[in-house]
>>> print(open('coords11.txt').read())   # compact mmCIF, C-alpha atoms
# COMPACT_ATOMS: atom_id res chain seq x y z
CA MET A 210 115.24 141.90 136.66
CA LYS A 211 115.47 145.62 136.57
CA HIS A 212 118.80 145.35 134.86
CA GLU A 213 117.39 142.84 132.35
CA ARG A 214 114.45 145.10 131.56
CA SER A 215 116.67 148.09 130.87
CA THR A 216 118.95 145.94 128.72
CA SER A 217 115.94 144.73 126.80
CA THR A 218 114.68 148.31 126.38
CA ALA A 219 118.09 149.41 125.18
CA THR A 220 118.16 146.57 122.62
CA LEU A 221 114.70 147.51 121.40
CA ASN A 222 115.75 151.14 121.01
CA GLN A 223 118.81 150.07 119.03
CA GLU A 224 116.62 147.98 116.72
CA GLU A 225 114.24 150.91 116.24
CA ALA A 226 117.19 153.14 115.42
CA VAL A 227 118.39 150.63 112.83
CA THR A 228 115.01 150.28 111.17
CA GLU A 229 114.54 154.05 111.13
CA LYS A 230 117.79 154.70 109.25
CA SER A 231 117.17 156.35 105.91
CA TRP A 232 117.73 154.69 102.58
CA ASN A 233 119.72 156.79 100.13
CA VAL A 234 119.35 156.89 96.37
CA VAL A 235 122.87 157.30 94.99
CA VAL A 236 123.76 158.36 91.46
CA TRP A 237 127.26 157.47 90.27
CA ASP A 238 129.43 159.31 87.76
CA ASP A 239 130.25 157.86 84.37
CA PRO A 240 132.58 159.24 81.71
CA VAL A 241 130.06 159.67 78.89
CA THR A 242 126.68 161.05 79.99
CA PRO A 243 126.22 164.68 78.94
CA MET A 244 125.67 166.95 81.97
CA PRO A 245 122.35 168.48 80.77
CA VAL A 246 120.91 164.95 80.52
CA VAL A 247 121.65 164.24 84.19
CA ALA A 248 120.12 167.52 85.40
CA LEU A 249 117.05 167.05 83.20
CA ILE A 250 116.43 163.52 84.53
CA PHE A 251 116.70 164.78 88.14
CA ARG A 252 114.12 167.48 87.38
CA LYS A 253 111.80 165.05 85.64
CA ILE A 254 111.94 162.28 88.26
CA PHE A 255 112.16 164.24 91.52
CA GLY A 256 110.59 167.54 90.42
CA TYR A 257 113.69 169.39 91.62
CA SER A 258 114.32 173.01 90.65
CA ASN A 259 116.85 173.72 87.94
CA ASN A 260 119.29 174.99 90.60
CA LYS A 261 119.01 171.90 92.81
CA ALA A 262 119.22 169.51 89.84
CA THR A 263 122.31 171.30 88.52
CA GLN A 264 123.94 171.32 91.97
CA LEU A 265 123.39 167.56 92.36
CA MET A 266 124.66 166.92 88.84
CA MET A 267 127.85 168.87 89.66
CA THR A 268 128.30 166.84 92.88
CA VAL A 269 128.07 163.61 90.84
CA HIS A 270 130.59 164.99 88.36
CA HIS A 271 133.14 166.26 90.91
CA GLN A 272 132.78 163.72 93.73
CA GLY A 273 131.97 160.62 91.69
CA ARG A 274 128.58 160.17 93.35
CA ALA A 275 125.76 162.07 95.01
CA ILE A 276 122.88 161.17 97.31
CA VAL A 277 119.95 162.51 95.35
CA TRP A 278 117.12 161.43 97.68
CA SER A 279 116.76 159.91 101.17
CA GLY A 280 113.81 158.30 102.89
CA VAL A 281 111.97 155.03 103.24
CA ARG A 282 113.33 151.98 101.40
CA ASP A 283 110.34 151.33 99.18
CA ARG A 284 110.30 154.84 97.77
CA ALA A 285 114.09 154.92 97.43
CA GLU A 286 114.00 151.73 95.33
CA SER A 287 111.15 153.13 93.23
CA TYR A 288 113.22 156.26 92.45
CA CYS A 289 116.32 154.16 91.76
CA VAL A 290 114.41 152.05 89.24
CA LYS A 291 113.21 155.20 87.46
CA LEU A 292 116.79 156.54 87.32
CA GLN A 293 118.10 153.23 85.99
CA ALA A 294 115.35 153.05 83.38
CA SER A 295 116.41 156.55 82.31
CA GLY A 296 119.94 155.28 81.79
CA LEU A 297 121.69 156.67 84.88
CA LEU A 298 123.94 154.57 87.09
CA SER A 299 122.07 154.42 90.39
CA THR A 300 121.88 152.25 93.52
CA VAL A 301 120.16 152.28 96.91
CA GLU A 302 122.09 152.07 100.19
CA GLN A 303 121.17 152.44 103.84
CA ASP A 304 122.49 155.40 105.81
CA SER A 305 125.62 154.38 107.72
CA MET B 212 127.60 180.07 60.22
CA ALA B 213 125.42 178.87 63.09
CA ARG B 214 124.53 175.18 63.13
CA SER B 215 120.79 174.60 62.88
CA LYS B 216 119.12 172.76 65.74
CA ILE B 217 117.96 169.19 65.25
CA PHE B 218 115.32 169.27 68.01
CA ILE B 219 113.12 172.33 68.20
CA GLN B 220 110.60 173.14 70.93
CA ARG B 221 107.39 174.35 69.29
CA LYS B 222 104.89 176.66 70.98
CA ASP B 223 102.24 173.93 71.11
CA GLY B 224 104.57 171.81 73.30
CA ARG B 225 105.65 169.38 70.59
CA ILE B 226 109.27 168.76 69.69
CA GLU B 227 110.13 169.03 66.02
CA VAL B 228 112.76 166.51 64.91
CA LYS B 229 115.04 167.57 62.07
CA ILE B 230 117.42 164.67 61.67
CA ALA B 231 118.53 162.99 58.48
CA PRO B 232 117.29 159.52 57.41
CA ASP B 233 120.72 157.94 58.01
CA ALA B 234 120.76 159.30 61.57
CA ARG B 235 117.28 157.86 62.13
CA GLU B 236 118.59 154.51 60.87
CA PHE B 237 121.45 154.73 63.34
CA LEU B 238 119.03 155.43 66.21
CA LYS B 239 116.83 152.57 65.02
CA SER B 240 119.77 150.18 65.31
CA VAL B 241 120.44 151.39 68.87
CA VAL B 242 116.84 151.03 70.04
CA THR B 243 116.46 147.63 68.34
CA GLN B 244 119.50 146.39 70.24
CA LEU B 245 117.99 147.69 73.48
CA ILE B 246 114.77 145.77 72.86
CA ASP B 247 116.72 142.60 71.99
CA ALA B 248 119.02 142.98 75.01
CA GLU B 249 116.14 143.25 77.47
CA SER B 250 115.05 139.65 76.91
CA ASP B 251 118.32 138.07 75.76
CA GLY B 252 120.53 137.16 78.72
CA GLU B 253 123.50 136.59 76.40
CA HIS B 254 123.30 140.03 74.79
CA PRO B 255 126.31 142.22 75.67
CA TRP B 256 123.96 145.03 76.74
CA HIS B 257 121.85 142.82 79.04
CA GLY B 258 123.92 143.50 82.17
CA VAL B 259 123.45 147.26 82.04
CA LEU B 260 119.68 146.81 81.79
CA HIS B 261 119.68 144.52 84.83
CA SER B 262 122.00 146.36 87.25
CA PRO B 263 121.57 145.74 91.00
CA ILE B 264 119.15 148.13 92.72
CA THR B 265 120.26 147.55 96.34
CA PRO B 266 123.72 145.92 96.08
CA ALA B 267 123.90 145.21 99.84
CA ALA B 268 120.77 143.04 99.68
CA ASP B 269 121.06 139.35 98.80
CA SER B 270 118.75 139.91 95.87
CA ASP B 271 116.54 142.67 94.53
CA ASP B 272 112.78 142.70 94.84
CA PRO B 273 111.54 140.95 91.67
CA LEU B 274 108.67 143.43 91.45
CA ARG B 275 111.16 146.30 91.25
CA SER B 276 113.15 144.50 88.55
CA PHE B 277 109.93 143.90 86.63
CA GLU B 278 108.96 147.58 87.03
CA ARG B 279 112.31 148.64 85.54
CA GLN B 280 112.01 146.12 82.70
CA LYS B 281 108.54 147.48 81.87
CA MET B 282 109.76 151.11 81.89
CA THR B 283 112.77 150.31 79.71
CA ALA B 284 110.69 148.32 77.22
CA THR B 285 107.94 150.97 77.08
CA SER B 286 110.43 153.76 76.32
CA ALA B 287 112.28 151.70 73.72
CA GLU B 288 109.08 150.58 71.97
CA LEU B 289 107.74 154.15 71.98
CA MET B 290 110.97 155.45 70.49
CA LYS B 291 110.95 152.75 67.82
CA LEU B 292 107.34 153.56 66.93
CA THR B 293 108.07 157.28 66.54
CA LEU B 294 111.48 157.12 64.86
CA ASP B 295 110.15 158.37 61.53
CA GLU B 296 107.97 161.14 63.00
CA THR B 297 108.60 164.84 62.45
CA PHE B 298 106.91 165.90 65.68
CA LEU B 299 107.12 164.26 69.13
CA SER B 300 105.02 164.81 72.23
CA GLN B 301 106.92 165.54 75.47
CA ASP B 302 106.42 161.93 76.62
CA GLU B 303 107.73 160.60 73.32
CA ALA B 304 110.74 162.93 73.52
CA PHE B 305 111.52 161.68 77.04
CA ALA B 306 111.24 158.10 75.76
CA TRP B 307 113.86 158.98 73.13
CA LEU B 308 116.07 160.55 75.82
CA ALA B 309 115.85 157.52 78.15
CA SER B 310 116.45 155.01 75.34
CA MET B 311 119.39 156.90 73.84
CA GLN B 312 120.92 157.30 77.32
CA LEU B 313 120.50 153.58 78.05
CA GLY B 314 122.00 152.80 74.65
CA LEU B 315 124.95 155.08 75.39
CA ARG B 316 125.66 153.42 78.75
CA ALA B 317 125.19 149.95 77.32
CA ARG B 318 127.54 150.66 74.43
CA THR B 319 130.24 152.07 76.74
CA SER B 320 129.86 149.11 79.07
CA GLU B 321 130.20 146.72 76.11
CA ALA B 322 133.43 148.51 75.17
CA THR B 323 134.56 148.31 78.86
CA ILE B 324 134.67 152.10 79.16
CA PHE B 325 134.14 152.94 82.82
CA THR B 326 136.58 155.83 83.39
CA ASP B 327 137.95 158.85 81.54
CA GLU B 328 141.15 156.87 80.96
CA ASP B 329 139.19 154.02 79.37
CA LEU B 330 137.44 156.55 77.15
CA ALA B 331 140.76 158.04 76.05
CA ARG B 332 141.92 154.55 75.02
CA ALA B 333 138.68 153.53 73.27
CA ASP B 334 138.70 152.26 69.70
CA GLU B 335 137.45 154.53 66.91
CA THR B 336 134.32 152.47 66.15
CA SER B 337 133.14 152.68 69.76
CA LEU B 338 134.00 156.37 69.91
CA GLN B 339 131.95 157.14 66.80
CA THR B 340 128.85 155.54 68.32
CA ILE B 341 129.43 157.20 71.68
CA ARG B 342 129.97 160.67 70.17
CA ALA B 343 126.88 160.34 67.98
CA LEU B 344 124.68 159.37 70.92
CA GLN B 345 126.19 162.09 73.11
CA PHE B 346 125.41 164.63 70.38
CA PHE B 347 121.75 163.58 70.07
CA LEU B 348 121.36 163.41 73.86
CA PHE B 349 122.89 166.84 74.41
CA GLU B 350 120.72 168.40 71.73
CA LEU B 351 117.51 166.82 73.02
CA ALA B 352 118.26 167.56 76.70
CA THR B 353 118.98 171.23 76.02
CA THR B 354 115.77 171.48 73.98
CA LEU B 355 113.69 169.87 76.76
CA SER B 356 115.36 171.92 79.56
>>> encode(input="coords11.txt", output="structure tokens")
Amino acid sequence: MKHERSTSTATLNQEEAVTEKSWNVVVWDDPVTPMPVVALIFRKIFGYSNNKATQLMMTVHHQGRAIVWSGVRDRAESYCVKLQASGLLSTVEQDS
Amino acid sequence: MARSKIFIQRKDGRIEVKIAPDAREFLKSVVTQLIDAESDGEHPWHGVLHSPITPAADSDDPLRSFERQKMTATSAELMKLTLDETFLSQDEAFAWLASMQLGLRARTSEATIFTDEDLARADETSLQTIRALQFFLFELATTLS
């Protein structure tokens, strides 16, 4: 019984860990979007500083993608929708 | 000689638009296609406007898809309504930016341009549209920044 209880507790903790994983908003590179457009959209949607928006834009450009926000799923999807409606290539994925 | 700016930030917060009538006609054709593509599943631009939000999920939350559709349509309609204006509010200018950017991505997707190599191989007609939209987007983004 003791063993079963600790197994059950361990399973519960694993489930909690899974549900607590962050959801990432990812922006993907494309060959045509002008760089100032990307940085401006980041500032407008997330309220990021010019420096942070530019840094994220450069990460997208050089690495092909950047995680621009992490947190709960609902908010991540809300941000992703705003990015998509602004014309950026964006998706949501769970932290691995 | 320095090229004059086509979008100018005025002290009262408005954006002055100094673009020629033929350029406005070009932008009108882009935004009209966006509006058509939103509701027409067969339109070549439809896919870009309905991209997956969470690709790992079996399907996206319909409310999120509806939210995106509403935002896209609102921006496109606002741009269409203000295409002949000389002055834009900040919100109207951002509607122009979002609609032109969506039009740019939709046009490149239609021409199957997904990489720099694809872009280098693109046909001249596609390139003309892409360069024109890039020009307007760059000018507006630098004015709003």
>>> interface_residues(input="coords11.txt", of="chain B", to="chain A", cutoff="9 Å", atoms="only C-alpha atoms", output="count of residues only")
49
>>> closest_residue(input="coords11.txt", among="B:Phe298, B:Pro255, B:Thr285, B:Glu335", to="B:Asp223", atoms="only C-alpha atoms")
B:Phe298
>>> residues_around(input="coords11.txt", residues="B:Lys229", least_positions_apart="6", cutoff="12 Å", atoms="only C-alpha atoms", output="PDB file with C-alpha atoms, in the coordinates of the input")
ATOM      1  CA  SER B 215     120.790 174.600  62.880  1.00  0.00           C
ATOM      2  CA  LYS B 216     119.120 172.760  65.740  1.00  0.00           C
ATOM      3  CA  ILE B 217     117.960 169.190  65.250  1.00  0.00           C
ATOM      4  CA  PHE B 218     115.320 169.270  68.010  1.00  0.00           C
ATOM      5  CA  ILE B 219     113.120 172.330  68.200  1.00  0.00           C
ATOM      6  CA  GLN B 220     110.600 173.140  70.930  1.00  0.00           C
ATOM      7  CA  ARG B 235     117.280 157.860  62.130  1.00  0.00           C
ATOM      8  CA  LEU B 294     111.480 157.120  64.860  1.00  0.00           C
ATOM      9  CA  ASP B 295     110.150 158.370  61.530  1.00  0.00           C
ATOM     10  CA  GLU B 296     107.970 161.140  63.000  1.00  0.00           C
ATOM     11  CA  THR B 297     108.600 164.840  62.450  1.00  0.00           C
ATOM     12  CA  PHE B 298     106.910 165.900  65.680  1.00  0.00           C
ATOM     13  CA  LEU B 299     107.120 164.260  69.130  1.00  0.00           C
ATOM     14  CA  PHE B 347     121.750 163.580  70.070  1.00  0.00           C
ATOM     15  CA  GLU B 350     120.720 168.400  71.730  1.00  0.00           C
ATOM     16  CA  LEU B 351     117.510 166.820  73.020  1.00  0.00           C
TER      17      LEU B 351
END
>>> atom_distance(input="coords11.txt", atom1="atom CA of B:Glu303", atom2="atom CA of B:Ala322")
28.5 Å
>>> atom_distance(input="coords11.txt", atom1="atom CA of A:Trp278", atom2="atom CA of A:Asn233")
5.9 Å
>>> atom_distance(input="coords11.txt", atom1="atom CA of B:Asp271", atom2="atom CA of A:Phe251")
23.0 Å
>>> decode(input="coords11.txt", residues="stretch 293-313 of chain B", atoms="N, CA, C and O atoms", output="compact mmCIF listing (two decimals), in the first residue's frame")
# COMPACT_ATOMS: atom_id res chain seq x y z
N THR B 293 -10.40 54.03 -45.57
CA THR B 293 -9.53 55.21 -45.43
C THR B 293 -8.52 55.33 -46.57
O THR B 293 -7.61 56.16 -46.49
N LEU B 294 -8.68 54.53 -47.62
CA LEU B 294 -7.68 54.51 -48.69
C LEU B 294 -7.50 55.86 -49.39
O LEU B 294 -6.43 56.14 -49.91
N ASP B 295 -8.55 56.65 -49.42
CA ASP B 295 -8.44 57.93 -50.13
C ASP B 295 -8.13 59.10 -49.19
O ASP B 295 -8.10 60.25 -49.63
N GLU B 296 -7.93 58.81 -47.91
CA GLU B 296 -7.69 59.88 -46.93
C GLU B 296 -6.27 60.44 -47.04
O GLU B 296 -5.34 59.73 -47.43
N THR B 297 -6.13 61.69 -46.63
CA THR B 297 -4.80 62.32 -46.58
C THR B 297 -4.17 62.14 -45.21
O THR B 297 -2.95 62.09 -45.08
N PHE B 298 -5.03 62.06 -44.18
CA PHE B 298 -4.52 61.87 -42.82
C PHE B 298 -5.13 60.62 -42.20
O PHE B 298 -6.33 60.37 -42.35
N LEU B 299 -4.30 59.86 -41.48
CA LEU B 299 -4.76 58.66 -40.78
C LEU B 299 -4.51 58.80 -39.29
O LEU B 299 -3.50 59.40 -38.87
N SER B 300 -5.41 58.25 -38.48
CA SER B 300 -5.13 58.14 -37.05
C SER B 300 -4.11 57.01 -36.87
O SER B 300 -3.85 56.25 -37.82
N GLN B 301 -3.57 56.88 -35.66
CA GLN B 301 -2.62 55.80 -35.38
C GLN B 301 -3.27 54.43 -35.60
O GLN B 301 -2.67 53.54 -36.19
N ASP B 302 -4.52 54.28 -35.14
CA ASP B 302 -5.23 53.00 -35.32
C ASP B 302 -5.43 52.67 -36.79
O ASP B 302 -5.28 51.53 -37.22
N GLU B 303 -5.78 53.69 -37.57
CA GLU B 303 -5.97 53.48 -39.00
C GLU B 303 -4.65 53.11 -39.67
O GLU B 303 -4.60 52.22 -40.53
N ALA B 304 -3.57 53.77 -39.24
CA ALA B 304 -2.25 53.47 -39.81
C ALA B 304 -1.83 52.02 -39.49
O ALA B 304 -1.28 51.33 -40.34
N PHE B 305 -2.14 51.57 -38.26
CA PHE B 305 -1.82 50.18 -37.91
C PHE B 305 -2.69 49.20 -38.69
O PHE B 305 -2.26 48.09 -39.01
N ALA B 306 -3.91 49.60 -39.00
CA ALA B 306 -4.78 48.75 -39.84
C ALA B 306 -4.18 48.62 -41.23
O ALA B 306 -4.19 47.53 -41.83
N TRP B 307 -3.63 49.70 -41.75
CA TRP B 307 -2.95 49.66 -43.05
C TRP B 307 -1.74 48.71 -42.97
O TRP B 307 -1.55 47.88 -43.86
N LEU B 308 -0.96 48.86 -41.89
CA LEU B 308 0.24 48.03 -41.74
C LEU B 308 -0.12 46.54 -41.70
O LEU B 308 0.47 45.73 -42.42
N ALA B 309 -1.11 46.19 -40.88
CA ALA B 309 -1.51 44.78 -40.74
C ALA B 309 -2.04 44.23 -42.07
O ALA B 309 -1.70 43.11 -42.47
N SER B 310 -2.85 45.02 -42.75
CA SER B 310 -3.45 44.54 -44.01
C SER B 310 -2.41 44.41 -45.11
O SER B 310 -2.43 43.43 -45.87
N MET B 311 -1.51 45.38 -45.20
CA MET B 311 -0.46 45.28 -46.23
C MET B 311 0.46 44.09 -45.93
O MET B 311 0.88 43.37 -46.85
N GLN B 312 0.76 43.87 -44.64
CA GLN B 312 1.63 42.75 -44.27
C GLN B 312 0.96 41.41 -44.58
O GLN B 312 1.58 40.49 -45.09
N LEU B 313 -0.33 41.31 -44.28
CA LEU B 313 -1.08 40.09 -44.61
C LEU B 313 -1.13 39.89 -46.12
O LEU B 313 -0.96 38.77 -46.61
